[in-house]
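Trainee: Structure: final-v4.cif, mmCIF, C-alpha atoms.
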data_final
loop_
_atom_site.group_PDB
_atom_site.id
_atom_site.type_symbol
_atom_site.label_atom_id
_atom_site.label_comp_id
_atom_site.auth_asym_id
_atom_site.auth_seq_id
_atom_site.Cartn_x
_atom_site.Cartn_y
_atom_site.Cartn_z
ATOM 1 C CA MET A 5 137.860 -65.659 193.552
ATOM 2 C CA LYS A 6 139.959 -68.818 193.479
ATOM 3 C CA ILE A 7 137.976 -71.100 191.201
ATOM 4 C CA LEU A 8 140.813 -73.595 190.840
ATOM 5 C CA HIS A 9 140.588 -74.445 194.539
ATOM 6 C CA ARG A 10 137.108 -75.865 193.894
ATOM 7 C CA LEU A 11 138.373 -78.537 191.482
ATOM 8 C CA ARG A 12 137.771 -82.043 192.749
ATOM 9 C CA GLY A 13 137.361 -85.390 191.085
ATOM 10 C CA GLU A 14 137.893 -86.915 187.701
ATOM 11 C CA MET A 15 136.074 -86.628 184.395
ATOM 12 C CA GLU A 16 135.267 -89.448 182.027
ATOM 13 C CA THR A 17 134.455 -89.620 178.320
ATOM 14 C CA PRO A 18 133.766 -92.695 176.206
ATOM 15 C CA ARG A 19 137.503 -93.216 175.579
ATOM 16 C CA LEU A 20 139.287 -91.074 178.173
ATOM 17 C CA LEU A 21 139.707 -90.581 181.872
ATOM 18 C CA LEU A 22 140.772 -87.073 182.882
ATOM 19 C CA ARG A 23 142.531 -87.262 186.222
ATOM 20 C CA ARG A 24 145.271 -85.625 188.244
ATOM 21 C CA TRP A 25 148.824 -86.494 187.278
ATOM 22 C CA LYS A 26 150.621 -89.196 189.272
ATOM 23 C CA PRO A 27 154.378 -89.530 189.825
ATOM 24 C CA LEU A 28 154.429 -92.747 187.777
ATOM 25 C CA ASP A 29 153.156 -90.830 184.703
ATOM 26 C CA PHE A 30 156.494 -89.158 183.992
ATOM 27 C CA GLN A 31 157.553 -91.389 181.064
ATOM 28 C CA ALA A 32 154.216 -90.810 179.338
ATOM 29 C CA PHE A 33 154.523 -87.062 179.972
ATOM 30 C CA LEU A 34 157.911 -87.096 178.215
ATOM 31 C CA ARG A 35 156.303 -88.346 174.984
ATOM 32 C CA PHE A 36 154.699 -84.986 174.297
ATOM 33 C CA ALA A 37 156.332 -82.453 176.636
ATOM 34 C CA GLY A 38 159.542 -82.252 174.625
ATOM 35 C CA ASP A 39 157.910 -82.369 171.189
ATOM 36 C CA PRO A 40 158.020 -78.917 169.559
ATOM 37 C CA GLU A 41 155.280 -79.939 167.094
ATOM 38 C CA VAL A 42 152.956 -80.483 170.066
ATOM 39 C CA MET A 43 154.043 -77.793 172.482
ATOM 40 C CA LEU A 44 154.808 -74.740 170.327
ATOM 41 C CA PRO A 45 151.402 -74.532 168.581
ATOM 42 C CA ALA A 46 149.809 -74.790 172.046
ATOM 43 C CA GLY A 47 151.794 -71.743 173.153
ATOM 44 C CA SER A 48 153.994 -73.802 175.471
ATOM 45 C CA ARG A 49 157.727 -74.212 175.584
ATOM 46 C CA PRO A 50 158.892 -77.759 174.783
ATOM 47 C CA ALA A 51 161.107 -79.262 177.452
ATOM 48 C CA GLN A 52 164.769 -78.896 176.551
ATOM 49 C CA GLY A 53 166.191 -81.995 178.178
ATOM 50 C CA LEU A 54 165.302 -84.269 181.049
ATOM 51 C CA GLN A 55 165.776 -81.734 183.836
ATOM 52 C CA GLU A 56 163.426 -79.203 182.244
ATOM 53 C CA ALA A 57 160.873 -81.979 181.566
ATOM 54 C CA GLU A 58 161.048 -82.972 185.242
ATOM 55 C CA THR A 59 160.435 -79.359 186.263
ATOM 56 C CA GLN A 60 157.415 -79.109 183.955
ATOM 57 C CA PHE A 61 156.102 -82.452 185.194
ATOM 58 C CA HIS A 62 156.385 -81.454 188.857
ATOM 59 C CA ARG A 63 154.506 -78.261 188.019
ATOM 60 C CA ALA A 64 151.724 -80.375 186.438
ATOM 61 C CA LEU A 65 151.651 -82.607 189.543
ATOM 62 C CA ARG A 66 151.052 -79.573 191.797
ATOM 63 C CA ASP A 67 148.662 -77.710 189.488
ATOM 64 C CA GLU A 68 145.101 -78.181 190.741
ATOM 65 C CA GLY A 69 143.661 -77.451 187.318
ATOM 66 C CA CYS A 70 145.908 -79.795 185.320
ATOM 67 C CA TYR A 71 144.620 -83.186 184.191
ATOM 68 C CA ALA A 72 146.293 -86.144 182.525
ATOM 69 C CA MET A 73 144.317 -87.358 179.518
ATOM 70 C CA VAL A 74 144.415 -91.115 180.045
ATOM 71 C CA LEU A 75 143.375 -93.565 177.340
ATOM 72 C CA LYS A 76 140.942 -95.978 179.012
ATOM 73 C CA GLY A 77 142.013 -98.977 176.954
ATOM 74 C CA THR A 78 145.663 -98.767 178.018
ATOM 75 C CA GLY A 79 145.704 -96.601 181.148
ATOM 76 C CA GLU A 80 148.405 -94.522 179.441
ATOM 77 C CA PRO A 81 148.440 -90.703 179.686
ATOM 78 C CA ILE A 82 148.483 -89.310 176.139
ATOM 79 C CA GLY A 83 148.138 -85.598 176.765
ATOM 80 C CA LYS A 84 147.418 -82.773 179.145
ATOM 81 C CA ILE A 85 144.422 -80.484 179.529
ATOM 82 C CA LYS A 86 144.170 -77.774 182.131
ATOM 83 C CA PHE A 87 142.075 -75.016 183.541
ATOM 84 C CA GLN A 88 143.978 -71.780 184.056
ATOM 85 C CA GLU A 89 143.015 -68.565 185.793
ATOM 86 C CA ASP A 90 141.661 -66.061 183.287
ATOM 87 C CA LEU A 91 144.095 -63.212 183.791
ATOM 88 C CA ARG A 92 142.461 -61.010 181.154
ATOM 89 C CA ARG A 93 139.171 -60.723 183.042
ATOM 90 C CA PHE A 94 138.526 -59.649 186.590
ATOM 91 C CA ARG A 95 135.622 -61.003 188.637
ATOM 92 C CA VAL A 96 133.673 -62.491 185.766
ATOM 93 C CA ASN A 97 133.637 -66.135 186.925
ATOM 94 C CA SER A 98 135.704 -67.497 184.046
ATOM 95 C CA LEU A 99 138.643 -69.753 183.322
ATOM 96 C CA SER A 100 140.875 -70.455 180.339
ATOM 97 C CA ILE A 101 141.647 -73.929 179.033
ATOM 98 C CA GLY A 102 144.914 -75.081 177.477
ATOM 99 C CA TYR A 103 145.790 -78.489 176.083
ATOM 100 C CA GLU A 104 148.429 -80.640 174.424
ATOM 101 C CA LEU A 105 148.043 -84.100 172.874
ATOM 102 C CA ALA A 106 150.795 -86.511 171.840
ATOM 103 C CA ARG A 107 151.167 -86.536 168.051
ATOM 104 C CA ALA A 108 150.386 -90.261 167.761
ATOM 105 C CA TYR A 109 146.799 -89.481 168.851
ATOM 106 C CA TRP A 110 146.012 -86.513 166.608
ATOM 107 C CA GLY A 111 142.999 -86.718 164.308
ATOM 108 C CA ARG A 112 141.005 -89.224 166.381
ATOM 109 C CA GLY A 113 138.578 -86.845 168.107
ATOM 110 C CA LEU A 114 140.162 -87.403 171.525
ATOM 111 C CA MET A 115 140.829 -83.730 172.199
ATOM 112 C CA THR A 116 137.226 -82.901 171.323
ATOM 113 C CA GLU A 117 136.076 -85.479 173.906
ATOM 114 C CA ALA A 118 138.398 -84.042 176.533
ATOM 115 C CA LEU A 119 137.405 -80.429 175.883
ATOM 116 C CA ARG A 120 133.688 -81.297 176.002
ATOM 117 C CA ALA A 121 134.217 -82.958 179.391
ATOM 118 C CA MET A 122 136.090 -79.923 180.697
ATOM 119 C CA LEU A 123 133.368 -77.556 179.496
ATOM 120 C CA GLU A 124 130.669 -79.697 181.113
ATOM 121 C CA PHE A 125 132.649 -79.657 184.366
ATOM 122 C CA ALA A 126 133.156 -75.892 184.089
ATOM 123 C CA PHE A 127 129.521 -75.018 183.595
ATOM 124 C CA VAL A 128 127.713 -77.728 185.574
ATOM 125 C CA ARG A 129 130.020 -78.303 188.548
ATOM 126 C CA LEU A 130 131.887 -75.003 188.802
ATOM 127 C CA HIS A 131 128.985 -72.814 187.617
ATOM 128 C CA LEU A 132 131.258 -70.662 185.477
ATOM 129 C CA ASN A 133 129.942 -67.933 183.221
ATOM 130 C CA ARG A 134 132.701 -68.116 180.602
ATOM 131 C CA VAL A 135 135.483 -70.392 179.350
ATOM 132 C CA GLU A 136 138.016 -69.366 176.741
ATOM 133 C CA ALA A 137 140.939 -70.861 174.866
ATOM 134 C CA MET A 138 143.501 -69.655 172.326
ATOM 135 C CA PHE A 139 145.469 -71.275 169.529
ATOM 136 C CA ASP A 140 148.249 -70.448 167.088
ATOM 137 C CA VAL A 141 146.435 -69.614 163.824
ATOM 138 C CA ARG A 142 148.600 -72.126 161.976
ATOM 139 C CA ASN A 143 147.051 -74.877 164.112
ATOM 140 C CA ARG A 144 143.616 -74.955 162.462
ATOM 141 C CA ALA A 145 142.876 -78.382 163.990
ATOM 142 C CA SER A 146 142.756 -76.780 167.432
ATOM 143 C CA GLY A 147 140.234 -74.239 166.163
ATOM 144 C CA ARG A 148 138.096 -77.077 164.782
ATOM 145 C CA VAL A 149 138.138 -78.764 168.211
ATOM 146 C CA MET A 150 136.879 -75.562 169.829
ATOM 147 C CA GLU A 151 134.202 -75.080 167.190
ATOM 148 C CA LYS A 152 132.938 -78.676 167.596
ATOM 149 C CA CYS A 153 132.578 -77.979 171.322
ATOM 150 C CA GLY A 154 130.357 -74.940 170.750
ATOM 151 C CA MET A 155 132.993 -72.275 171.294
ATOM 152 C CA ARG A 156 132.901 -69.132 169.168
ATOM 153 C CA ARG A 157 135.731 -67.147 167.636
ATOM 154 C CA GLU A 158 136.067 -63.810 169.403
ATOM 155 C CA GLY A 159 139.092 -62.317 167.781
ATOM 156 C CA LEU A 160 142.686 -62.294 166.697
ATOM 157 C CA LEU A 161 145.618 -61.389 168.922
ATOM 158 C CA ARG A 162 148.336 -60.296 166.536
ATOM 159 C CA GLN A 163 151.858 -61.560 167.190
ATOM 160 C CA LYS A 164 150.862 -62.945 170.604
ATOM 161 C CA LEU A 165 153.377 -65.838 170.535
ATOM 162 C CA TYR A 166 156.973 -66.291 169.471
ATOM 163 C CA ASN A 167 157.234 -69.676 167.785
ATOM 164 C CA LYS A 168 160.122 -71.144 165.788
ATOM 165 C CA GLY A 169 161.855 -67.810 165.306
ATOM 166 C CA GLU A 170 158.810 -65.783 164.319
ATOM 167 C CA TYR A 171 155.957 -63.900 165.905
ATOM 168 C CA VAL A 172 152.614 -65.580 165.299
ATOM 169 C CA ASP A 173 148.991 -64.606 165.678
ATOM 170 C CA VAL A 174 146.558 -66.467 167.902
ATOM 171 C CA GLU A 175 142.806 -66.701 167.758
ATOM 172 C CA ILE A 176 140.788 -66.466 170.946
ATOM 173 C CA TRP A 177 137.621 -68.535 171.258
ATOM 174 C CA ALA A 178 135.113 -68.648 174.099
ATOM 175 C CA ILE A 179 131.820 -70.080 175.229
ATOM 176 C CA LEU A 180 129.391 -68.575 177.720
ATOM 177 C CA ALA A 181 127.054 -70.447 180.049
ATOM 178 C CA ARG A 182 124.069 -69.024 178.130
ATOM 179 C CA ASP A 183 125.478 -70.448 174.854
ATOM 180 C CA ARG A 184 124.981 -73.964 176.187
ATOM 181 C CA ARG A 185 121.222 -73.658 176.771
#
Translate the structure of the given file into structure tokens.

Mentor:
Amino acid sequence: MKILHRLRGEMETPRLLLRRWKPLDFQAFLRFAGDPEVMLPAGSRPAQGLQEAETQFHRALRDEGCYAMVLKGTGEPIGKIKFQEDLRRFRVNSLSIGYELARAYWGRGLMTEALRAMLEFAFVRLHLNRVEAMFDVRNRASGRVMEKCGMRREGLLRQKLYNKGEYVDVEIWAILARDRR
């Protein structure tokens, strides 16, 4: 089942527009894509130079499940949120979500808005049964975002990531369609 091929349209929250990336968004993308404080806790490799950032950006442009998080007031992309195939489950109608937000926008509830919009899209428009996400256990703020959105902690994956010279644990959180009723 190729759920990602069914993605169409934008999502809107009170302060954000979630839309596909555009070629003109590259400079905004650079503001978080190379920042290790943003990328490493999200389980992503920070871009090491302009060429690697361009490669990552072109991947985001082509990725059907990847959305720019655009601040409505400025029209500026401030982060990335994306649906990903759930490789750990087979034929269970589920996706994973990953996200990164530029440091200047942390602590304002923007990621919670974006994740709620993605979950609404997942369950109402895509009719998914399950959505999951993971975070580096040292990034408790990400866990709070998931909890605020109704996700539940399912477990700990020990030494799942290699971050800043050490192996780190990640928590896995999920929400089922029946949890939203």

Trainee: Leaving out Asp29 (chain A) and any residue of its chain fewer than 4 positions from it, which residues lie within 10 Å of it when counting all atoms listed in the file, given as a PDB file with C-alpha atoms, in the coordinates of the input?

Mentor:
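Heads up, here's the output in result_19.pdb:
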ATOM      1  CA  TRP A  25     148.824 -86.494 187.278  1.00  0.00           C
ATOM      2  CA  PHE A  33     154.523 -87.062 179.972  1.00  0.00           C
ATOM      3  CA  LEU A  34     157.911 -87.096 178.215  1.00  0.00           C
ATOM      4  CA  PHE A  61     156.102 -82.452 185.194  1.00  0.00           C
ATOM      5  CA  LEU A  65     151.651 -82.607 189.543  1.00  0.00           C
ATOM      6  CA  ALA A  72     146.293 -86.144 182.525  1.00  0.00           C
ATOM      7  CA  VAL A  74     144.415 -91.115 180.045  1.00  0.00           C
ATOM      8  CA  GLU A  80     148.405 -94.522 179.441  1.00  0.00           C
ATOM      9  CA  PRO A  81     148.440 -90.703 179.686  1.00  0.00           C
ATOM     10  CA  ILE A  82     148.483 -89.310 176.139  1.00  0.00           C
TER      11      ILE A  82
END

Trainee: Could you check which residues have any atom within 6 Å of (157.9, -73.4, 170.5), counting all atoms listed in the file with coordinates taken straight from the file, and then list them as a list of chain:residue names?

Mentor: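 Here the neighbourhood of the point contains A:Pro40, A:Leu44, A:Arg49, A:Asn167, A:Lys168.
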
Trainee: Kindly extract all protein, DNA and RNA residues lying within 12 Å of the coordinates (140.2, -91.4, 184.5) given in the file, considering all atoms listed in the file, and supply them as an NGL selection string.

Mentor: :A and (13-26 or 71-82 or 118 or 121)

Trainee: To one decimal place, how far is CA of Ala181 (chain A) from CA of Gly83 (chain A) in Å?

Mentor: 26.2 Å

Trainee: Looking at A:Ala178, A:Met138, A:Ala145, A:Ala106, which one is nearest to Leu165 (chain A), with distances taken over only C-alpha atoms?

Mentor: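 With only C-alpha atoms as the atom set, the closest residue is A:Met138.
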
Trainee: What separation in Å, quoted to one decimal, exists between CA of Glu68 (chain A) and CA of Gln88 (chain A)?

Mentor: 9.3 Å

Trainee: Nearest to Arg144 (chain A): which of A:Glu58, A:Val174, A:Arg107, A:Arg162 is it, counting all atoms listed in the file?

Mentor: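 Smallest separation from Arg144 (chain A) among the options: A:Val174.
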
Trainee: Written as a list of chain:residue names, what is the full residue list that the PyMOL selection byres ((chain A and resi 52-57) around 12) yields on the file shown?

Mentor: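 Applying the expression gives A:Phe30, A:Gln31, A:Ala32, A:Phe33, A:Leu34, A:Arg35, A:Phe36, A:Ala37, A:Gly38, A:Asp39, A:Pro40, A:Met43, A:Ser48, A:Arg49, A:Pro50, A:Ala51, A:Glu58, A:Thr59, A:Gln60, A:Phe61, A:His62, A:Arg63, A:Ala64.
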
Trainee: Keeping C-alpha atoms, export the residues of the selection given above as a PDB file, keeping the file's coordinate frame.

Mentor:
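Okay, part07.pdb is ready:
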ATOM      1  CA  PHE A  30     156.494 -89.158 183.992  1.00  0.00           C
ATOM      2  CA  GLN A  31     157.553 -91.389 181.064  1.00  0.00           C
ATOM      3  CA  ALA A  32     154.216 -90.810 179.338  1.00  0.00           C
ATOM      4  CA  PHE A  33     154.523 -87.062 179.972  1.00  0.00           C
ATOM      5  CA  LEU A  34     157.911 -87.096 178.215  1.00  0.00           C
ATOM      6  CA  ARG A  35     156.303 -88.346 174.984  1.00  0.00           C
ATOM      7  CA  PHE A  36     154.699 -84.986 174.297  1.00  0.00           C
ATOM      8  CA  ALA A  37     156.332 -82.453 176.636  1.00  0.00           C
ATOM      9  CA  GLY A  38     159.542 -82.252 174.625  1.00  0.00           C
ATOM     10  CA  ASP A  39     157.910 -82.369 171.189  1.00  0.00           C
ATOM     11  CA  PRO A  40     158.020 -78.917 169.559  1.00  0.00           C
ATOM     12  CA  MET A  43     154.043 -77.793 172.482  1.00  0.00           C
ATOM     13  CA  SER A  48     153.994 -73.802 175.471  1.00  0.00           C
ATOM     14  CA  ARG A  49     157.727 -74.212 175.584  1.00  0.00           C
ATOM     15  CA  PRO A  50     158.892 -77.759 174.783  1.00  0.00           C
ATOM     16  CA  ALA A  51     161.107 -79.262 177.452  1.00  0.00           C
ATOM     17  CA  GLU A  58     161.048 -82.972 185.242  1.00  0.00           C
ATOM     18  CA  THR A  59     160.435 -79.359 186.263  1.00  0.00           C
ATOM     19  CA  GLN A  60     157.415 -79.109 183.955  1.00  0.00           C
ATOM     20  CA  PHE A  61     156.102 -82.452 185.194  1.00  0.00           C
ATOM     21  CA  HIS A  62     156.385 -81.454 188.857  1.00  0.00           C
ATOM     22  CA  ARG A  63     154.506 -78.261 188.019  1.00  0.00           C
ATOM     23  CA  ALA A  64     151.724 -80.375 186.438  1.00  0.00           C
TER      24      ALA A  64
END

Trainee: Between CA of Asp90 (chain A) and CA of Asp140 (chain A), what is the distance, to one decimal in Å?

Mentor: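 Here the two named atoms are 18.0 Å from each other.
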
Trainee: If you count only C-alpha atoms, which residues fall within 9 Å of Asp183 (chain A), apart from same-chain ones fewer than 3 positions away, as a list of chain:residue names?

Mentor: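 Counting only C-alpha atoms, the residues come to A:Gly154, A:Met155, A:Ile179, A:Leu180.
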
Trainee: Using the chain letters and numbers from the file, give me the residues hit by the PyMOL selection byres ((chain A and resi 156) around 12), as a ChimeraX atom specification.

Mentor: /A:134-138,147-155,157-159,175-180,183-184

Trainee: Of the candidates A:Arg66, A:Leu123, A:Ser98, A:Glu104, which one gets nearest to Pro27 (chain A) if we count all atoms listed in the file?

Mentor: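 Among A:Arg66, A:Leu123, A:Ser98, A:Glu104, it is A:Arg66 that comes nearest to Pro27 (chain A).
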
Trainee: So, counting only C-alpha atoms, which residue among A:Val141, A:Leu130, A:Ile101, A:Cys70 is closest to Tyr171 (chain A)?

Mentor: A:Val141

Trainee: Nearest to Tyr103 (chain A): which of A:Arg182, A:Gly69, A:Thr116, A:Ala46 is it, counting only C-alpha atoms?

Mentor: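 So, comparing all the options, the nearest one is A:Ala46.
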
Trainee: Rank A:Asp173, A:Ile85, A:Leu99, A:Lys164 by their smallest atom-to-atom distance to Leu119 (chain A), using all atoms listed in the file, and report the top residue only.

Mentor: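 Going through A:Asp173, A:Ile85, A:Leu99, A:Lys164 one by one, the smallest distance to Leu119 (chain A) is for A:Ile85.
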
Trainee: Let me have the centre and edge lengths in Å, one decimal, of the box along x, y and z around every listed atom of region 19-38 of chain A with 4 Å of margin on each side, as JSON.

Mentor:
{"center_x": 148.5, "center_y": -87.7, "center_z": 182.1, "size_x": 30.0, "size_y": 19.0, "size_z": 23.5}

Trainee: Would you write out, as a PyMOL selection string, every residue that the PyMOL selection byres ((chain A and resi 97) around 6) captures in this file?

Mentor: chain A and resi 95-96+98+132-133
